[in-house]
Every structure is written in C-alpha cells, then in structure tokens.
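Structure record follows, encoded as structure tokens.
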Amino acid sequence: MPKEPTIELISVGPGQVVEFQTAVVLRFSYKDGDGDLGRTDPDDHSLWVKDSRLNAPDGYHIIPLAPPDAEVAIQGELEVQLRPLFLLGNSTQEVMTYSFHVVDRAGNRSNTITTPAITIIAAPDNE
C-alpha cells in the first residue's frame, strides 16, 4: 500500500439543503500505507473541503487514525458534518459542489474528489 493516502467518496447529502439550517454530511473511505493520517493538535487540519463557489477551502481536524509512533497500513471510513451552507448571491437557490482531499503528517496529499451537486435553497421567511 502506498504511503500517500487515497480517498473514495461514499456519500454526501442531503442533495438539497435549507441555508443556515441543514448540515451536509460527507462520508468517505481512506487508505494510508504508513498510518500517519490525522493529527493530535485540534487546530492542525488534515481534511480540506472546498465549496465550488469560494476561493479557499475550509480545514477540518481528523484525530490520529493509528498510534502516532506506529507505521502500519490503515483503512476505514470517516463521516464529517460540514458547516451549514448559505446563499452567496441574491437568488433563492444556488447549486454547488464540494471538492476535498486529506493530507497526512508527512505532508503527502491524497487524490481530490468532487461531490455531486448540492442545491441550497433560501430559508423561508418567518414573518
């Protein structure tokens, strides 16, 4: 198994969300040949998720998925609840995708995956 992590999309959803209200859940599988995926410092991000409408990705913390001093091949699944989406423009609906990758402690970057489209709809007025 290579030392660079690899990921595969399992699911992302729901496919339609209400802005500020509905969280998107990203599920993916991972493989890493030397087990150095994840970090002990919660401010040190291993998962990078980019909204197709924005320029920069958001970082997410992944806990170490194997003991920090062990060099063992690992594989498994992760489920991450992403920050709620919101509309950027004046429209009542927008369509976007996420692209994401992981980086291990040695700095090896995985493949990048782009999700199917997600539709964001405006929150109903509470008047």
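The way I read the labels, and the way they are meant: chains A, B, ... in the order of the structure tokens, residue 1 as the first residue of every chain, and ligand 1 as the first ligand shown, with later ones counted on from there.
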
Note to self: List the spatial neighbours of A:Ser110 as a PyMOL selection string - criterion: any atom at most 8 Å away, only C-alpha atoms, same-chain residues fewer than 4 positions off excluded.
What the structure shows: chain A and resi 4-7+101-103

Check: What's the 9 Å shell around A:Trp48, counting only C-alpha atoms, without same-chain residues fewer than 3 positions away, as an MDAnalysis selection string?
Finding: chainID A and resid 45 57:60 99:103

Notebook entry, point to check: Looking only at the backbone, which of the residues in chain A does DSSP tag as strand (DSSP E or B), as a PyMOL selection string?
Noted result: chain A and resi 6-13+16-18+25-32+47-51+58-60+74-81+93-96+98-103+109+113-114+118-121

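The coordinates place atom CA of A:Arg39 at 7.3 Å from atom CA of A:His61.
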
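We find atom CA of A:Pro68 and atom CA of A:Met1 to be spaced 18.4 Å apart.
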
Notebook entry, point to check: Can you list, as a VMD selection string, every protein, DNA or RNA residue that comes within 10 Å of A:Leu85 when you count only C-alpha atoms, leaving out same-chain residues fewer than 3 positions away?
Noted result: chain A and resid 17 to 24 51 82 88 96 118 to 121

Go ahead and write the residues just picked, C-alpha atoms, as a short mmCIF file (atom, residue, chain, number, x, y, z; two decimals), in the first residue's frame.
data_model
loop_
_atom_site.label_atom_id
_atom_site.label_comp_id
_atom_site.auth_asym_id
_atom_site.auth_seq_id
_atom_site.Cartn_x
_atom_site.Cartn_y
_atom_site.Cartn_z
CA VAL A 17 -30.35 21.96 1.94
CA VAL A 18 -32.02 24.99 3.50
CA GLU A 19 -29.43 27.73 4.04
CA PHE A 20 -28.05 28.02 7.60
CA GLN A 21 -30.24 25.10 8.75
CA THR A 22 -29.32 21.81 7.13
CA ALA A 23 -25.85 20.36 7.65
CA VAL A 24 -24.25 18.37 4.86
CA ASP A 51 -17.02 24.96 -1.72
CA LEU A 82 -19.74 20.12 7.33
CA LEU A 88 -23.90 33.89 -1.61
CA MET A 96 -22.58 23.98 -5.70
CA ILE A 118 -25.93 20.15 -3.87
CA THR A 119 -28.76 22.68 -4.14
CA ILE A 120 -29.05 25.36 -1.47
CA ILE A 121 -32.45 26.99 -1.05
#

Check: With only C-alpha atoms as the basis for distance, which of A:Pro67, A:Gly35, A:Pro84, A:Pro116 is at the shortest distance from A:Thr97?
Finding: A:Pro116

Stretch 56-100 of chain A residues near stretch 10-16 of chain A within 10 Å, closest pair each, using only C-alpha atoms, as a tab-separated table:
residue	atom	partner	partner_atom	distance
A:Glu77	CA	A:Ile10	CA	8.6
A:Leu78	CA	A:Ile10	CA	9.4
A:Glu79	CA	A:Ser11	CA	9.2
A:Val80	CA	A:Val12	CA	9.6
A:Gln81	CA	A:Val12	CA	9.8
A:Gln93	CA	A:Gln16	CA	9.8
A:Glu94	CA	A:Gln16	CA	9.9
A:Val95	CA	A:Gln16	CA	9.0
A:Tyr98	CA	A:Val12	CA	9.3

Since we have the selection now, will you write its residues out, keeping C-alpha atoms, as a PDB file, in the first residue's frame?
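Done, and the output landed in out.pdb:
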ATOM      1  CA  GLU A  77     -14.353   5.267   6.751  1.00  0.00           C
ATOM      2  CA  LEU A  78     -14.868   8.776   8.074  1.00  0.00           C
ATOM      3  CA  GLU A  79     -18.059  10.783   8.401  1.00  0.00           C
ATOM      4  CA  VAL A  80     -17.758  14.555   8.732  1.00  0.00           C
ATOM      5  CA  GLN A  81     -20.567  17.025   9.356  1.00  0.00           C
ATOM      6  CA  GLN A  93     -31.373  28.950  -4.839  1.00  0.00           C
ATOM      7  CA  GLU A  94     -27.777  28.072  -5.725  1.00  0.00           C
ATOM      8  CA  VAL A  95     -26.084  24.883  -6.865  1.00  0.00           C
ATOM      9  CA  TYR A  98     -17.501  20.268  -2.743  1.00  0.00           C
TER      10      TYR A  98
END
